[in-house]
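Next up, model.csv (CSV, C-alpha atoms):
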chain,number,residue,atom,x,y,z
A,10,MET,CA,-23.0,24.9,-2.9
A,11,GLY,CA,-23.5,28.1,-1.0
A,12,ILE,CA,-26.0,30.8,-1.3
A,13,LEU,CA,-23.4,33.3,-2.6
A,14,ASP,CA,-21.8,31.0,-5.2
A,15,GLY,CA,-20.3,33.1,-7.9
A,16,LYS,CA,-21.1,36.4,-6.2
A,17,ARG,CA,-18.5,39.2,-5.9
A,18,ILE,CA,-18.8,41.0,-2.5
A,19,LEU,CA,-17.0,44.0,-1.1
A,20,VAL,CA,-17.1,44.3,2.7
A,21,ALA,CA,-16.1,47.9,3.5
A,22,GLY,CA,-14.9,48.6,7.0
A,23,VAL,CA,-13.1,45.4,8.2
A,24,THR,CA,-10.9,46.5,11.1
A,25,MET,CA,-10.5,43.7,13.7
A,26,GLU,CA,-11.1,40.0,13.8
A,27,SER,CA,-13.8,40.8,16.4
A,28,SER,CA,-15.7,43.0,13.9
A,29,ILE,CA,-19.1,42.2,12.3
A,30,GLY,CA,-17.4,43.0,9.0
A,31,PHE,CA,-14.8,40.3,9.5
A,32,ALA,CA,-17.5,37.8,10.4
A,33,THR,CA,-19.5,38.7,7.4
A,34,ALA,CA,-16.5,38.3,5.1
A,35,ARG,CA,-15.9,34.8,6.6
A,36,VAL,CA,-19.5,33.7,6.2
A,37,ALA,CA,-19.7,35.1,2.7
A,38,GLN,CA,-16.6,33.1,1.7
A,39,GLU,CA,-18.0,30.0,3.3
A,40,GLN,CA,-21.1,30.5,1.2
A,41,GLY,CA,-19.1,30.7,-2.0
A,42,ALA,CA,-18.4,34.4,-2.6
A,43,THR,CA,-15.3,36.1,-3.9
A,44,VAL,CA,-14.7,38.7,-1.2
A,45,LEU,CA,-12.8,42.0,-1.1
A,46,ILE,CA,-12.4,44.0,2.1
A,47,SER,CA,-11.3,47.5,2.8
A,48,ASN,CA,-10.0,50.0,5.4
A,49,PHE,CA,-7.7,53.0,5.4
A,50,GLY,CA,-5.1,54.9,7.4
A,51,ARG,CA,-3.4,53.3,10.3
A,52,ALA,CA,-6.1,50.6,10.5
A,53,LEU,CA,-5.2,49.4,7.0
A,54,GLY,CA,-2.1,47.6,8.3
A,55,ILE,CA,-4.2,45.7,10.8
A,56,THR,CA,-6.8,44.8,8.2
A,57,ARG,CA,-4.0,43.4,5.9
A,58,ARG,CA,-2.8,41.2,8.8
A,59,ILE,CA,-6.1,39.8,9.8
A,60,ALA,CA,-7.1,39.2,6.2
A,61,GLY,CA,-5.0,36.0,6.3
A,62,ARG,CA,-7.2,34.6,9.1
A,63,LEU,CA,-10.1,34.4,6.7
A,64,PRO,CA,-10.7,31.0,4.9
A,65,THR,CA,-9.2,32.6,1.7
A,66,THR,CA,-7.0,35.7,2.0
A,67,PRO,CA,-9.0,38.4,0.2
A,68,PRO,CA,-7.7,41.5,-1.6
A,69,VAL,CA,-7.5,44.5,0.8
A,70,LEU,CA,-8.4,47.9,-0.7
A,71,GLU,CA,-7.6,51.3,0.7
A,72,LEU,CA,-10.9,53.2,1.1
A,73,ASP,CA,-11.7,56.2,3.2
A,74,VAL,CA,-15.4,56.9,2.6
A,75,THR,CA,-14.9,60.5,3.4
A,76,ASP,CA,-12.2,61.0,0.8
A,77,PRO,CA,-13.6,62.0,-2.6
A,78,ASP,CA,-10.4,60.7,-4.3
A,79,HIS,CA,-10.7,57.3,-2.7
A,80,LEU,CA,-14.4,57.1,-3.7
A,81,ALA,CA,-13.6,58.2,-7.3
A,82,GLY,CA,-11.0,55.5,-7.6
A,83,LEU,CA,-12.8,52.7,-5.9
A,84,ALA,CA,-14.3,51.2,-9.1
A,85,ASP,CA,-10.9,51.0,-10.7
A,86,GLN,CA,-9.5,49.4,-7.5
A,87,VAL,CA,-12.2,46.8,-7.5
A,88,ARG,CA,-11.7,46.0,-11.2
A,89,GLU,CA,-8.1,45.0,-10.5
A,90,HIS,CA,-9.6,41.9,-8.8
A,91,VAL,CA,-13.1,41.3,-10.2
A,92,ASP,CA,-15.1,42.7,-13.1
A,93,GLY,CA,-18.1,43.9,-11.0
A,94,LEU,CA,-19.9,43.6,-7.7
A,95,ASP,CA,-23.0,41.7,-6.7
A,96,GLY,CA,-23.0,42.9,-3.2
A,97,VAL,CA,-21.6,45.7,-1.0
A,98,VAL,CA,-21.5,45.6,2.8
A,99,HIS,CA,-21.3,48.9,4.7
A,100,SER,CA,-19.7,48.1,8.1
A,101,ILE,CA,-18.6,51.6,8.9
A,102,ALA,CA,-19.4,54.0,11.8
A,103,TYR,CA,-17.6,56.4,14.0
A,104,GLY,CA,-18.4,58.9,16.7
A,105,ASN,CA,-15.9,60.5,19.1
A,106,PRO,CA,-16.5,58.7,22.4
A,107,GLN,CA,-15.0,61.5,24.4
A,108,THR,CA,-17.5,64.1,23.1
A,109,LEU,CA,-20.6,62.3,21.7
A,110,LEU,CA,-21.2,59.2,23.8
A,111,GLY,CA,-21.7,58.2,27.4
A,112,GLY,CA,-24.3,60.8,28.4
A,113,ARG,CA,-22.8,63.7,26.6
A,114,PHE,CA,-25.7,64.4,24.3
A,115,LEU,CA,-26.4,68.0,25.4
A,116,GLU,CA,-22.7,68.9,25.1
A,117,GLY,CA,-21.9,67.3,21.8
A,118,PRO,CA,-20.1,69.8,19.5
A,119,TRP,CA,-21.3,70.2,16.0
A,120,GLU,CA,-18.0,69.5,14.4
A,121,ASP,CA,-17.9,66.0,16.0
A,122,VAL,CA,-21.6,65.4,15.3
A,123,ALA,CA,-21.0,66.3,11.6
A,124,GLN,CA,-18.2,63.9,11.4
A,125,ALA,CA,-20.3,61.1,13.0
A,126,VAL,CA,-23.1,61.7,10.6
A,127,GLN,CA,-20.8,61.8,7.6
A,128,VAL,CA,-18.9,58.6,8.5
A,129,SER,CA,-21.9,56.7,9.9
A,130,ALA,CA,-24.8,57.7,7.6
A,131,TYR,CA,-23.8,59.8,4.6
A,132,SER,CA,-21.1,57.4,3.7
A,133,LEU,CA,-23.7,54.7,2.9
A,134,LYS,CA,-24.8,57.0,0.0
A,135,SER,CA,-21.2,57.8,-0.9
A,136,LEU,CA,-20.3,54.1,-1.0
A,137,ALA,CA,-23.4,53.2,-3.0
A,138,VAL,CA,-22.6,55.9,-5.6
A,139,ALA,CA,-19.0,54.8,-5.9
A,140,CYS,CA,-20.0,51.2,-6.4
A,141,ARG,CA,-23.0,51.9,-8.7
A,142,PRO,CA,-21.0,51.5,-11.9
A,143,LEU,CA,-20.0,48.0,-10.8
A,144,MET,CA,-23.5,46.8,-9.8
A,145,GLY,CA,-26.6,45.9,-11.7
A,146,PRO,CA,-29.9,44.1,-11.5
A,147,GLY,CA,-29.9,41.7,-8.6
A,148,SER,CA,-27.1,43.5,-6.7
A,149,SER,CA,-27.5,44.2,-3.0
A,150,LEU,CA,-26.3,46.8,-0.6
A,151,VAL,CA,-26.4,46.0,3.1
A,152,GLY,CA,-25.5,48.2,6.1
A,153,LEU,CA,-25.4,47.7,9.8
A,154,THR,CA,-27.4,49.7,12.4
A,155,PHE,CA,-28.3,49.7,16.0
A,156,ASP,CA,-32.0,50.2,16.2
A,157,ALA,CA,-32.5,54.0,16.1
A,158,THR,CA,-36.1,54.1,17.1
A,159,THR,CA,-35.2,54.3,20.8
A,160,ALA,CA,-33.0,56.7,22.8
A,161,TRP,CA,-30.5,54.3,24.3
A,162,PRO,CA,-28.5,54.9,27.4
A,163,ALA,CA,-24.9,56.1,26.5
A,164,TYR,CA,-25.5,55.9,22.7
A,165,ASP,CA,-26.4,59.6,22.4
A,166,TRP,CA,-25.3,61.2,19.1
A,167,MET,CA,-24.4,57.8,17.5
A,168,GLY,CA,-28.1,57.1,17.9
A,169,VAL,CA,-28.8,60.2,15.8
A,170,ALA,CA,-26.3,59.1,13.2
A,171,LYS,CA,-27.8,55.6,13.0
A,172,ALA,CA,-31.2,57.2,12.5
A,173,GLY,CA,-29.7,59.1,9.6
A,174,LEU,CA,-28.3,55.8,8.3
A,175,GLU,CA,-31.7,54.2,8.4
A,176,SER,CA,-33.3,57.0,6.5
A,177,THR,CA,-30.5,57.0,4.0
A,178,SER,CA,-31.0,53.4,3.3
A,179,ARG,CA,-34.7,54.0,2.6
A,180,TYR,CA,-33.9,56.7,0.1
A,181,LEU,CA,-31.3,54.6,-1.6
A,182,ALA,CA,-33.8,51.8,-1.8
A,183,ARG,CA,-36.1,54.3,-3.6
A,184,ASP,CA,-33.5,55.6,-6.0
A,185,LEU,CA,-31.6,52.4,-6.8
A,186,GLY,CA,-34.6,50.2,-7.0
A,187,PRO,CA,-35.4,51.0,-10.6
A,188,GLU,CA,-31.9,49.7,-11.5
A,189,GLY,CA,-32.6,46.4,-9.7
A,190,ILE,CA,-30.3,47.3,-6.8
A,191,ARG,CA,-31.6,46.5,-3.3
A,192,CYS,CA,-30.6,48.3,-0.1
A,193,ASN,CA,-31.3,46.9,3.4
A,194,LEU,CA,-30.0,47.1,6.9
A,195,VAL,CA,-29.4,44.6,9.7
A,196,ALA,CA,-30.0,45.9,13.2
A,197,ALA,CA,-27.9,43.8,15.5
A,198,GLY,CA,-28.1,43.6,19.3
A,199,PRO,CA,-25.1,44.7,21.3
A,200,LEU,CA,-21.9,42.8,20.3
A,201,LYS,CA,-18.4,42.9,21.7
A,202,THR,CA,-16.6,44.9,19.0
A,203,LEU,CA,-13.9,47.5,19.0
A,204,ALA,CA,-16.6,50.2,18.5
A,205,ALA,CA,-18.7,48.9,21.5
A,206,LYS,CA,-15.7,49.0,23.8
A,207,ALA,CA,-15.4,52.7,23.1
A,208,ILE,CA,-18.9,53.5,24.3
A,209,PRO,CA,-19.0,54.3,28.1
A,210,GLY,CA,-21.8,52.4,29.8
A,211,PHE,CA,-22.5,50.1,26.8
A,212,GLU,CA,-22.0,47.0,29.0
A,213,GLY,CA,-25.4,47.9,30.6
A,214,LEU,CA,-27.1,47.2,27.3
A,215,GLU,CA,-25.4,43.9,27.1
A,216,SER,CA,-26.8,42.8,30.5
A,217,ALA,CA,-30.3,44.1,29.6
A,218,TRP,CA,-30.3,42.1,26.4
A,219,LYS,CA,-29.6,38.8,28.2
A,220,ASP,CA,-32.5,39.4,30.5
A,221,ARG,CA,-35.1,40.5,28.0
A,222,ALA,CA,-34.3,38.9,24.6
A,223,PRO,CA,-36.7,35.9,24.3
A,224,LEU,CA,-34.2,33.9,22.3
A,225,GLY,CA,-31.3,34.9,24.6
A,226,TRP,CA,-28.3,36.9,23.4
A,227,ASP,CA,-24.6,36.1,23.2
A,228,GLU,CA,-22.8,39.4,22.7
A,229,SER,CA,-19.6,37.5,21.7
A,230,ASP,CA,-21.2,35.6,18.8
A,231,HIS,CA,-21.1,37.6,15.6
A,232,THR,CA,-22.2,34.8,13.3
A,233,PRO,CA,-26.0,35.3,13.5
A,234,THR,CA,-25.6,38.9,12.4
A,235,ALA,CA,-23.2,37.9,9.6
A,236,ARG,CA,-25.5,35.2,8.4
A,237,ALA,CA,-28.4,37.8,8.1
A,238,VAL,CA,-26.2,40.1,6.1
A,239,VAL,CA,-25.2,37.3,3.8
A,240,ALA,CA,-28.8,36.2,3.4
A,241,LEU,CA,-29.7,39.8,2.3
A,242,LEU,CA,-26.7,39.7,-0.2
A,243,SER,CA,-28.0,36.5,-1.7
A,244,ASP,CA,-30.8,35.9,-4.2
A,245,PHE,CA,-33.2,34.7,-1.5
A,246,PHE,CA,-34.6,38.2,-0.9
A,247,PRO,CA,-35.2,39.4,-4.5
A,248,ALA,CA,-38.2,41.6,-3.6
A,249,THR,CA,-37.0,43.1,-0.3
A,250,THR,CA,-35.6,46.6,-0.1
A,251,GLY,CA,-35.7,49.5,2.3
A,252,GLU,CA,-36.0,46.9,5.1
A,253,ILE,CA,-34.4,46.7,8.6
A,254,VAL,CA,-33.9,43.1,9.7
A,255,HIS,CA,-33.4,42.7,13.5
A,256,VAL,CA,-30.9,40.2,14.7
A,257,ASP,CA,-31.2,40.8,18.4
A,258,GLY,CA,-32.8,37.7,19.9
A,259,GLY,CA,-36.2,39.4,19.7
A,260,PHE,CA,-35.4,42.1,22.1
A,261,HIS,CA,-36.9,44.9,19.9
A,262,ALA,CA,-40.3,43.3,20.0
A,263,MET,CA,-40.6,43.1,23.8
A,264,GLY,CA,-42.3,45.6,26.1
A,265,LEU,CA,-41.3,46.5,29.6
Before anything else, please render the file you have as structure tokens.
Amino acid sequence: MGILDGKRILVAGVTMESSIGFATARVAQEQGATVLISNFGRALGITRRIAGRLPTTPPVLELDVTDPDHLAGLADQVREHVDGLDGVVHSIAYGNPQTLLGGRFLEGPWEDVAQAVQVSAYSLKSLAVACRPLMGPGSSLVGLTFDATTAWPAYDWMGVAKAGLESTSRYLARDLGPEGIRCNLVAAGPLKTLAAKAIPGFEGLESAWKDRAPLGWDESDHTPTARAVVALLSDFFPATTGEIVHVDGGFHAMGL
């Protein structure tokens, strides 16, 4: 038996096998869940190909969280495969690396900042509202962040977007709590993902983590983060919402 036996889980934003979303889908299946995954545009073909590398090939939905038509049709798409959702994972973020990252904070244009905030923060609300008709008491929404309490080297406007994500999660916890729906985030340390490769100078954070995380840190191991997400999707945290769980080897708790 697994901790997600009988659960129906949507993992939104699975792009590559090296993504946290993919690892989460894998662990969720290993723990007994029926999993659906999503992506859109040119990446959708990649997602469909890598879906076969999961223990069980899941349905792949087309979902652009900035497209009102996609959001409006999401519930019907999901119902083609399952009759509801017990959990939703928001594994979605984007910021133009050429204009918003790598020390370009003072030059970042509003158009690109607005896109980053919409895709990386506002979309958590959009996804929650789209999935709300499918969820009920005991359901769980889990997003992924990179601790936004600090101004990190190179992260720049994505740090601002993640701060927005963290605030959005708290407000969702407030407004969905009366319906029995929890909303939490997992703050992972730096991991080797497609998104991380696009951030100039991000490798400096990886080396710092290895030096300062008391438990150590393996930036190539996505499983600890995926397990934390799965735990929050399960019934083991029935009274936890509005929380940010750090999976970073303890780095966040250390001083200079």
Inset, instruction - Rounded to one decimal place, report the atom CA of Phe211 of chain A-atom CA of Arg57 of chain A distance in Å. - result: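 Separation between atom CA of Phe211 of chain A and atom CA of Arg57 of chain A: 28.7 Å.
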Inset, instruction - Determine, counting only C-alpha atoms, every residue of protein, DNA or RNA that lies within 8 Å of (-20.7, 41.2, -3.4) in the file coordinates, then give the result as a VMD selection string. - result: chain A and resid 16 to 20 42 to 44 94 to 98 148 to 149 242
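If you look at atom CA of Ala163 of chain A and atom CA of Ala237 of chain A, they are 26.2 Å away from each other.
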Legend entry - Top pick for closest residue to Arg62 of chain A, considering A:Glu39, A:Glu26, A:Glu116, A:Asp76 and counting only C-alpha atoms: A:Glu26
Inset, instruction - Measuring atom to atom with only C-alpha atoms, identify which of A:Val126, A:Val151, A:Val69, A:Ala84 is nearest to Thr250 of chain A. - result: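 Among A:Val126, A:Val151, A:Val69, A:Ala84, it is A:Val151 that comes nearest to Thr250 of chain A.
Put simply, atom CA of Gly152 of chain A is 25.8 Å away from atom CA of Arg113 of chain A.
Minimum distance to Gly54 of chain A across A:Met167, A:Leu214, A:Ala130, A:Met25 (counting only C-alpha atoms) occurs at A:Met25.
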Who sits within 10 Å of Gln38 of chain A, only C-alpha atoms, same chain under 2 positions skipped, as a compact mmCIF listing (two decimals) with C-alpha atoms, in the coordinates of the input:
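Generated file (around_15.txt):
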# COMPACT_ATOMS: atom_id res chain seq x y z
CA GLY A 11 -23.50 28.10 -1.00
CA LEU A 13 -23.40 33.30 -2.60
CA ASP A 14 -21.80 31.00 -5.20
CA LYS A 16 -21.10 36.40 -6.20
CA ARG A 17 -18.50 39.20 -5.90
CA ILE A 18 -18.80 41.00 -2.50
CA ALA A 32 -17.50 37.80 10.40
CA THR A 33 -19.50 38.70 7.40
CA ALA A 34 -16.50 38.30 5.10
CA ARG A 35 -15.90 34.80 6.60
CA VAL A 36 -19.50 33.70 6.20
CA GLN A 40 -21.10 30.50 1.20
CA GLY A 41 -19.10 30.70 -2.00
CA ALA A 42 -18.40 34.40 -2.60
CA THR A 43 -15.30 36.10 -3.90
CA VAL A 44 -14.70 38.70 -1.20
CA LEU A 63 -10.10 34.40 6.70
CA PRO A 64 -10.70 31.00 4.90
CA THR A 65 -9.20 32.60 1.70
CA THR A 66 -7.00 35.70 2.00
CA PRO A 67 -9.00 38.40 0.20
CA VAL A 239 -25.20 37.30 3.80
Inset, instruction - May I ask which of the residues A:Gly168, A:Gly61, A:Pro142, A:Pro199 is the closest one to Leu83 of chain A, counting only C-alpha atoms? - result: A:Pro142
Inset, instruction - Tell me which of A:Arg179, A:His261, A:Arg58, A:His99 sits closest to Ala137 of chain A, counting all atoms listed in the file. - result: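 Of all the options, A:His99 lies closest to Ala137 of chain A.
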Inset, instruction - Using only C-alpha atoms, find all polymer residues with an atom at most 7 Å away from the point (-14.4, 49.0, 1.3); report them as a ChimeraX atom specification. - result: /A:19-22,46-48,70,72
Legend entry - Shell of 12 Å around Pro187 of chain A, all atoms listed in the file, local chain residues under 3 positions omitted, as a ChimeraX atom specification: /A:145-148,181-184,190-192,250
File of the preceding selection, C-alpha atoms, as a tab-separated table (two decimals), in the frame of the given file:
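As written to disk, result_2.tsv reads:
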chain	number	residue	atom	x	y	z
A	145	GLY	CA	-26.60	45.90	-11.70
A	146	PRO	CA	-29.90	44.10	-11.50
A	147	GLY	CA	-29.90	41.70	-8.60
A	148	SER	CA	-27.10	43.50	-6.70
A	181	LEU	CA	-31.30	54.60	-1.60
A	182	ALA	CA	-33.80	51.80	-1.80
A	183	ARG	CA	-36.10	54.30	-3.60
A	184	ASP	CA	-33.50	55.60	-6.00
A	190	ILE	CA	-30.30	47.30	-6.80
A	191	ARG	CA	-31.60	46.50	-3.30
A	192	CYS	CA	-30.60	48.30	-0.10
A	250	THR	CA	-35.60	46.60	-0.10
